[in-house]
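Next comes target_22.cif, a file with mmCIF, C-alpha atoms.
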data_query
#
loop_
_atom_site.label_atom_id
_atom_site.label_comp_id
_atom_site.auth_asym_id
_atom_site.auth_seq_id
_atom_site.Cartn_x
_atom_site.Cartn_y
_atom_site.Cartn_z
CA MET H 221 0.00 0.00 0.00
CA GLN H 222 1.46 3.34 -1.01
CA MET H 223 0.68 6.65 0.64
CA THR H 224 -0.74 9.40 -1.54
CA VAL H 225 0.74 12.88 -1.63
CA ILE H 226 -2.33 14.21 0.19
CA GLN H 227 -1.91 11.62 2.97
CA GLN H 228 1.75 12.51 3.37
CA GLY H 229 0.79 16.16 3.56
CA LEU H 230 -1.71 15.43 6.33
CA TRP H 231 0.93 13.54 8.31
CA ALA H 232 3.30 16.46 7.88
CA LEU H 233 0.72 18.91 9.24
CA LEU H 234 -0.06 16.67 12.20
CA LEU H 235 3.56 16.16 13.15
CA TRP H 236 4.92 19.64 12.40
CA PRO H 237 4.31 21.06 15.91
CA VAL H 238 6.22 18.14 17.45
CA LEU H 239 9.15 18.16 15.04
CA THR H 240 9.62 21.90 15.33
CA MET H 241 9.25 22.04 19.12
CA GLY H 242 12.28 23.16 21.11
CA ASN H 243 14.22 20.71 23.19
CA PRO H 244 12.21 20.40 26.42
CA LEU H 245 15.32 19.43 28.33
CA ASP H 246 17.17 22.65 27.50
CA CYS H 247 18.05 24.33 30.75
CA ARG H 248 17.66 27.79 29.27
CA GLU H 249 15.12 28.88 26.73
CA ASP H 250 17.77 30.24 24.37
CA GLN H 251 20.51 27.68 24.89
CA ALA H 252 20.37 23.98 24.04
CA SER H 253 23.00 22.94 26.55
CA PHE H 254 23.04 20.36 29.29
CA THR H 255 26.02 21.93 30.98
CA ARG H 256 23.66 24.31 32.82
CA CYS H 257 21.13 21.63 33.84
CA PRO H 258 22.62 21.12 37.32
CA SER H 259 21.78 24.75 38.08
CA ILE H 260 18.00 24.29 37.74
CA SER H 261 15.78 22.77 40.38
CA GLN H 262 15.23 19.04 40.62
CA GLU H 263 11.47 19.52 40.22
CA LYS H 264 11.84 21.55 37.03
CA LEU H 265 14.33 19.11 35.55
CA LEU H 266 12.03 16.16 36.28
CA ASP H 267 9.14 18.00 34.58
CA ARG H 268 11.26 18.56 31.47
CA VAL H 269 12.42 14.95 31.38
CA ILE H 270 8.79 13.78 31.64
CA HIS H 271 7.73 16.13 28.87
CA HIS H 272 10.54 14.81 26.70
CA ALA H 273 9.48 11.20 27.33
CA GLU H 274 5.86 12.09 26.49
CA LEU H 275 6.89 13.51 23.12
CA ILE H 276 9.05 10.50 22.33
CA TYR H 277 6.18 8.12 23.10
CA ARG H 278 3.72 10.18 21.04
CA VAL H 279 5.98 10.20 17.97
CA SER H 280 6.79 6.50 18.40
CA GLU H 281 3.04 5.75 18.27
CA GLU H 282 2.67 7.79 15.10
CA SER H 283 5.73 6.13 13.52
CA CYS H 284 4.38 2.67 14.25
CA SER H 285 0.96 3.53 12.82
CA LEU H 286 2.47 5.03 9.70
CA PHE H 287 4.69 1.98 9.18
CA GLU H 288 1.63 -0.28 9.56
CA ASP H 289 -0.35 1.69 7.01
CA MET H 290 2.50 1.65 4.54
CA PHE H 291 3.94 -1.84 4.83
CA ILE H 292 1.94 -4.20 7.08
CA PRO H 293 -1.30 -5.79 5.81
CA LEU H 294 -3.88 -6.18 8.55
CA PRO H 295 -3.57 -10.00 8.94
CA MET H 296 0.20 -9.71 9.38
CA ARG H 297 -0.18 -7.28 12.27
CA PHE H 298 -1.49 -10.10 14.44
CA GLN H 299 1.17 -12.55 13.26
CA SER H 300 4.28 -10.39 13.63
CA ASN H 301 4.65 -11.20 17.32
CA GLN H 302 4.73 -14.89 16.42
CA ALA H 303 7.50 -14.50 13.83
CA GLY H 304 10.30 -15.31 16.28
CA TYR H 305 11.40 -11.75 17.04
CA ALA H 306 11.57 -10.98 20.75
CA CYS H 307 11.86 -7.43 21.99
CA ILE H 308 15.53 -6.55 22.47
CA THR H 309 14.96 -5.37 26.04
CA LYS H 310 13.20 -8.55 27.13
CA ALA H 311 16.25 -9.80 29.04
CA LEU H 312 16.75 -6.56 30.98
CA PRO H 313 15.82 -6.63 34.70
CA ILE H 314 12.96 -4.18 34.19
CA PRO H 315 9.87 -4.59 36.40
CA SER H 316 6.77 -5.40 34.37
CA SER H 317 3.85 -6.14 36.68
CA LYS H 318 2.03 -3.38 38.53
CA SER H 319 2.94 -4.86 41.92
CA GLU H 320 6.64 -5.02 41.03
CA ILE H 321 6.65 -1.43 39.80
CA GLN H 322 4.95 -0.19 42.97
CA GLN H 323 7.53 -1.88 45.17
CA ILE H 324 10.75 -0.71 43.53
CA SER H 325 12.68 2.25 44.85
CA ASP H 326 13.05 5.67 43.21
CA LYS H 327 16.65 4.77 42.44
CA TRP H 328 15.64 1.63 40.57
CA LEU H 329 12.91 3.51 38.69
CA LEU H 330 15.47 5.99 37.39
CA HIS H 331 18.01 3.33 36.52
CA SER H 332 15.29 1.30 34.77
CA VAL H 333 14.53 4.31 32.58
CA LEU H 334 18.24 4.74 31.87
CA MET H 335 18.56 1.06 30.93
CA LEU H 336 15.67 1.32 28.49
CA VAL H 337 16.92 4.55 26.95
CA GLN H 338 20.47 3.33 26.45
CA SER H 339 19.35 -0.04 25.10
CA TRP H 340 17.43 1.64 22.27
CA ILE H 341 19.97 4.21 21.06
CA GLU H 342 21.89 1.84 18.78
CA PRO H 343 18.88 -0.08 17.40
CA LEU H 344 17.15 3.17 16.40
CA VAL H 345 20.23 4.28 14.47
CA TYR H 346 20.17 0.92 12.70
CA LEU H 347 16.46 1.32 11.99
CA GLN H 348 17.14 4.63 10.27
CA MET H 349 19.64 2.92 7.98
CA THR H 350 17.26 0.12 7.02
CA LEU H 351 14.34 2.49 6.38
CA ASP H 352 16.58 4.50 4.03
CA GLN H 353 16.79 1.37 1.86
CA TYR H 354 13.03 1.07 1.41
CA ASP H 355 11.92 2.08 -2.08
CA ASN H 356 8.75 3.87 -0.99
CA ALA H 357 9.31 4.91 2.62
CA PRO H 358 7.75 8.38 3.06
CA ASP H 359 9.98 11.21 4.22
CA MET H 360 7.70 11.71 7.20
CA LEU H 361 8.50 8.24 8.53
CA LEU H 362 12.22 8.79 8.02
CA ASN H 363 12.08 12.20 9.68
CA LYS H 364 10.15 10.93 12.68
CA THR H 365 12.55 8.03 13.18
CA LYS H 366 15.51 10.38 13.12
CA TRP H 367 13.75 12.81 15.47
CA VAL H 368 13.09 10.07 18.03
CA SER H 369 16.67 8.81 17.73
CA ASP H 370 18.10 12.28 18.37
CA LYS H 371 15.73 13.04 21.23
CA LEU H 372 16.46 9.71 22.89
CA ILE H 373 20.08 10.80 23.28
CA SER H 374 18.87 14.04 24.88
CA LEU H 375 16.62 12.04 27.20
CA GLU H 376 19.60 9.91 28.23
CA GLN H 377 21.53 13.05 29.16
CA GLY H 378 18.60 14.42 31.12
CA VAL H 379 18.09 11.18 33.06
CA VAL H 380 21.79 11.04 33.93
CA VAL H 381 21.66 14.59 35.32
CA LEU H 382 18.46 13.72 37.20
CA ILE H 383 20.12 10.67 38.78
CA LYS H 384 22.99 12.85 39.97
CA LYS H 385 20.58 15.40 41.48
CA MET H 386 18.00 13.07 43.02
CA LEU H 387 20.27 10.25 44.17
CA ASP H 388 23.34 12.35 44.90
CA GLU H 389 25.43 10.12 42.65
CA GLY H 390 28.47 12.07 41.53
CA THR H 391 29.10 9.93 38.46
CA VAL H 392 26.89 7.59 36.49
CA ALA H 393 29.30 5.35 34.63
CA THR H 394 27.00 2.39 34.06
CA THR H 395 26.06 1.80 30.45
CA TYR H 396 23.58 -0.77 29.24
CA ARG H 397 24.53 -0.82 25.57
CA GLU H 398 25.73 -4.40 25.70
CA GLN H 399 27.43 -5.84 22.68
CA GLY H 400 25.48 -8.61 21.01
CA VAL H 401 22.07 -7.64 22.41
CA PHE H 402 21.01 -6.44 19.00
CA GLN H 403 22.02 -8.57 16.02
CA TYR H 404 22.48 -7.18 12.52
CA ASP H 405 21.80 -9.05 9.30
CA ILE H 406 23.77 -7.83 6.32
CA GLN H 407 21.15 -8.45 3.63
CA PRO H 408 17.94 -9.93 5.04
CA GLU H 409 15.05 -10.87 2.81
CA MET H 410 12.70 -7.95 2.21
CA LEU H 411 9.69 -9.51 3.98
CA GLU H 412 11.88 -10.55 6.89
CA SER H 413 13.32 -7.05 7.07
CA VAL H 414 9.86 -5.45 7.12
CA ILE H 415 8.64 -7.74 9.91
CA ARG H 416 11.80 -7.20 11.92
CA ASP H 417 11.59 -3.41 11.55
CA TYR H 418 7.92 -3.45 12.48
CA THR H 419 8.78 -5.48 15.58
CA LEU H 420 11.46 -2.96 16.48
CA LEU H 421 9.00 -0.07 16.18
CA SER H 422 6.33 -1.91 18.16
CA CYS H 423 8.74 -2.87 20.93
CA PHE H 424 10.17 0.63 21.13
CA LYS H 425 6.67 2.07 21.41
CA LYS H 426 5.99 -0.20 24.40
CA ASP H 427 9.28 0.70 26.06
CA ALA H 428 8.77 4.42 25.40
CA HIS H 429 5.46 4.10 27.25
CA LYS H 430 7.29 2.42 30.14
CA MET H 431 9.82 5.26 30.29
CA GLU H 432 7.01 7.80 30.46
CA ALA H 433 5.07 5.79 33.07
CA PHE H 434 8.11 5.26 35.31
CA LEU H 435 9.01 8.95 35.25
CA LYS H 436 5.42 9.99 36.03
CA LEU H 437 5.32 7.54 38.92
CA LEU H 438 8.54 9.08 40.20
CA LYS H 439 6.98 12.53 39.93
CA CYS H 440 3.91 11.36 41.83
CA ARG H 441 6.05 9.97 44.63
CA GLN H 442 7.64 13.38 45.11
CA THR H 443 4.25 14.92 45.90
CA ASP H 444 1.89 12.15 47.06
CA THR H 445 3.74 9.15 48.41
CA TYR H 446 0.68 7.11 49.38
CA ASN H 447 -1.62 7.53 46.40
CA CYS H 448 0.54 6.76 43.35
CA ALA H 449 -0.94 4.08 41.13
#

Write-out of the structure in structure tokens:
Amino acid sequence: MQMTVIQQGLWALLLWPVLTMGNPLDCREDQASFTRCPSISQEKLLDRVIHHAELIYRVSEESCSLFEDMFIPLPMRFQSNQAGYACITKALPIPSSKSEIQQISDKWLLHSVLMLVQSWIEPLVYLQMTLDQYDNAPDMLLNKTKWVSDKLISLEQGVVVLIKKMLDEGTVATTYREQGVFQYDIQPEMLESVIRDYTLLSCFKKDAHKMEAFLKLLKCRQTDTYNCA
């Protein structure tokens, strides 16, 4: 299924406010620099990190829907999860059930977000490269993928600064970009490549929602310890 020029134009209009929005993690309105982030309050920094995660999740949803409309017939959408592709973050020690999430500490919430963010930086760069090889991938899909990839790096920086401020950790040296977690095929079959890329987008959308949810839970705990669901 190919997207018409009118459809692409509609997607462009819908996404334009997001793609042109300033970096919500900038510590000054006129300066996109993280070097000044330690000077702002913890509460304000957390708000900006949450806003950043919200935007990333929103655009990931739109990217996944656009990819579906372009490349995934309806019957295949229900079969893709049975194609043998597990989400790349499945092995990470990230809490999944509601009871587990409620019981973990603020420190583990923040480090869970950092794990998820860092685990997706490399795969999203790879996804950009594979989408560039599609014959009929719309520019809007390519632009959104690049936008998310760039903003994920900014989110990583913001979470690291937040960990230093909230947990009083002078350095955050831990990195979760483990070699071999994400495997690359040199020239996969086209159908296999489409299903794999769709799985990547779907898994990232789920993890982006987790990042947003964990950060909002952290925010709630700062103001209402006993009523955070």

For the atom pair CA of Met386 (chain H) and CA of Lys425 (chain H), what is the interatomic distance in Å to one decimal place? 26.8 Å

Could you check how far CA of Trp328 (chain H) sits from CA of Ile383 (chain H), in Å to one decimal?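 Interatomic distance here is 10.2 Å.
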
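Once the PyMOL selection byres ((chain H and resi 418-423) around 9) is applied to the depicted file, the selected set reads H:Ser280, H:Glu281, H:Ser283, H:Cys284, H:Phe287, H:Glu288, H:Phe291, H:Ile292, H:Arg297, H:Ser300, H:Asn301, H:Tyr305, H:Ala306, H:Cys307, H:Ile308, H:Thr309, H:Pro343, H:Leu344, H:Leu347, H:Ser413, H:Val414, H:Ile415, H:Arg416, H:Asp417, H:Phe424, H:Lys425, H:Lys426, H:Asp427, H:Ala428.
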
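Applied to this file, the PyMOL selection byres ((chain H and resi 322) around 12) selects the residues Pro315, Ser316, Ser317, Lys318, Ser319, Glu320, Ile321, Gln323, Ile324, Ser325, Asp326, Trp328, Leu329, Ala433, Phe434, Leu437, Leu438, Cys440, Arg441, Thr445, Tyr446, Asn447, Cys448 and Ala449 of chain H.
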
For the residues selected in the previous step, produce a file with C-alpha atoms as a compact mmCIF listing (two decimals), in the coordinates of the input.
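Okay, out18.txt is ready:
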# COMPACT_ATOMS: atom_id res chain seq x y z
CA PRO H 315 9.87 -4.59 36.40
CA SER H 316 6.77 -5.40 34.37
CA SER H 317 3.85 -6.14 36.68
CA LYS H 318 2.03 -3.38 38.53
CA SER H 319 2.94 -4.86 41.92
CA GLU H 320 6.64 -5.02 41.03
CA ILE H 321 6.65 -1.43 39.80
CA GLN H 323 7.53 -1.88 45.17
CA ILE H 324 10.75 -0.71 43.53
CA SER H 325 12.68 2.25 44.85
CA ASP H 326 13.05 5.67 43.21
CA TRP H 328 15.64 1.63 40.57
CA LEU H 329 12.91 3.51 38.69
CA ALA H 433 5.07 5.79 33.07
CA PHE H 434 8.11 5.26 35.31
CA LEU H 437 5.32 7.54 38.92
CA LEU H 438 8.54 9.08 40.20
CA CYS H 440 3.91 11.36 41.83
CA ARG H 441 6.05 9.97 44.63
CA THR H 445 3.74 9.15 48.41
CA TYR H 446 0.68 7.11 49.38
CA ASN H 447 -1.62 7.53 46.40
CA CYS H 448 0.54 6.76 43.35
CA ALA H 449 -0.94 4.08 41.13

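Using only C-alpha atoms, the smallest distance between any of H:Leu411, H:Asn363, H:Lys327, H:Ile341 and Asp388 (chain H) comes from H:Lys327.
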
How many Å separate CA of His271 (chain H) from CA of Gly378 (chain H)? 11.2 Å

Residues returned when the PyMOL selection byres ((chain H and resi 373) around 12) runs on this file, as a compact mmCIF listing (two decimals) with C-alpha atoms, keeping the file's coordinate frame:
# COMPACT_ATOMS: atom_id res chain seq x y z
CA ASN H 243 14.22 20.71 23.19
CA LEU H 245 15.32 19.43 28.33
CA PHE H 254 23.04 20.36 29.29
CA VAL H 269 12.42 14.95 31.38
CA HIS H 272 10.54 14.81 26.70
CA ALA H 273 9.48 11.20 27.33
CA ILE H 276 9.05 10.50 22.33
CA LEU H 334 18.24 4.74 31.87
CA LEU H 336 15.67 1.32 28.49
CA VAL H 337 16.92 4.55 26.95
CA GLN H 338 20.47 3.33 26.45
CA SER H 339 19.35 -0.04 25.10
CA TRP H 340 17.43 1.64 22.27
CA ILE H 341 19.97 4.21 21.06
CA GLU H 342 21.89 1.84 18.78
CA LEU H 344 17.15 3.17 16.40
CA VAL H 345 20.23 4.28 14.47
CA LYS H 366 15.51 10.38 13.12
CA TRP H 367 13.75 12.81 15.47
CA VAL H 368 13.09 10.07 18.03
CA SER H 369 16.67 8.81 17.73
CA ASP H 370 18.10 12.28 18.37
CA LYS H 371 15.73 13.04 21.23
CA LEU H 372 16.46 9.71 22.89
CA SER H 374 18.87 14.04 24.88
CA LEU H 375 16.62 12.04 27.20
CA GLU H 376 19.60 9.91 28.23
CA GLN H 377 21.53 13.05 29.16
CA GLY H 378 18.60 14.42 31.12
CA VAL H 379 18.09 11.18 33.06
CA VAL H 380 21.79 11.04 33.93

For Leu266 (chain H), which of H:Leu382, H:Ser285, H:Glu412, H:Lys430 is the closest residue, counting all atoms listed in the file? H:Leu382
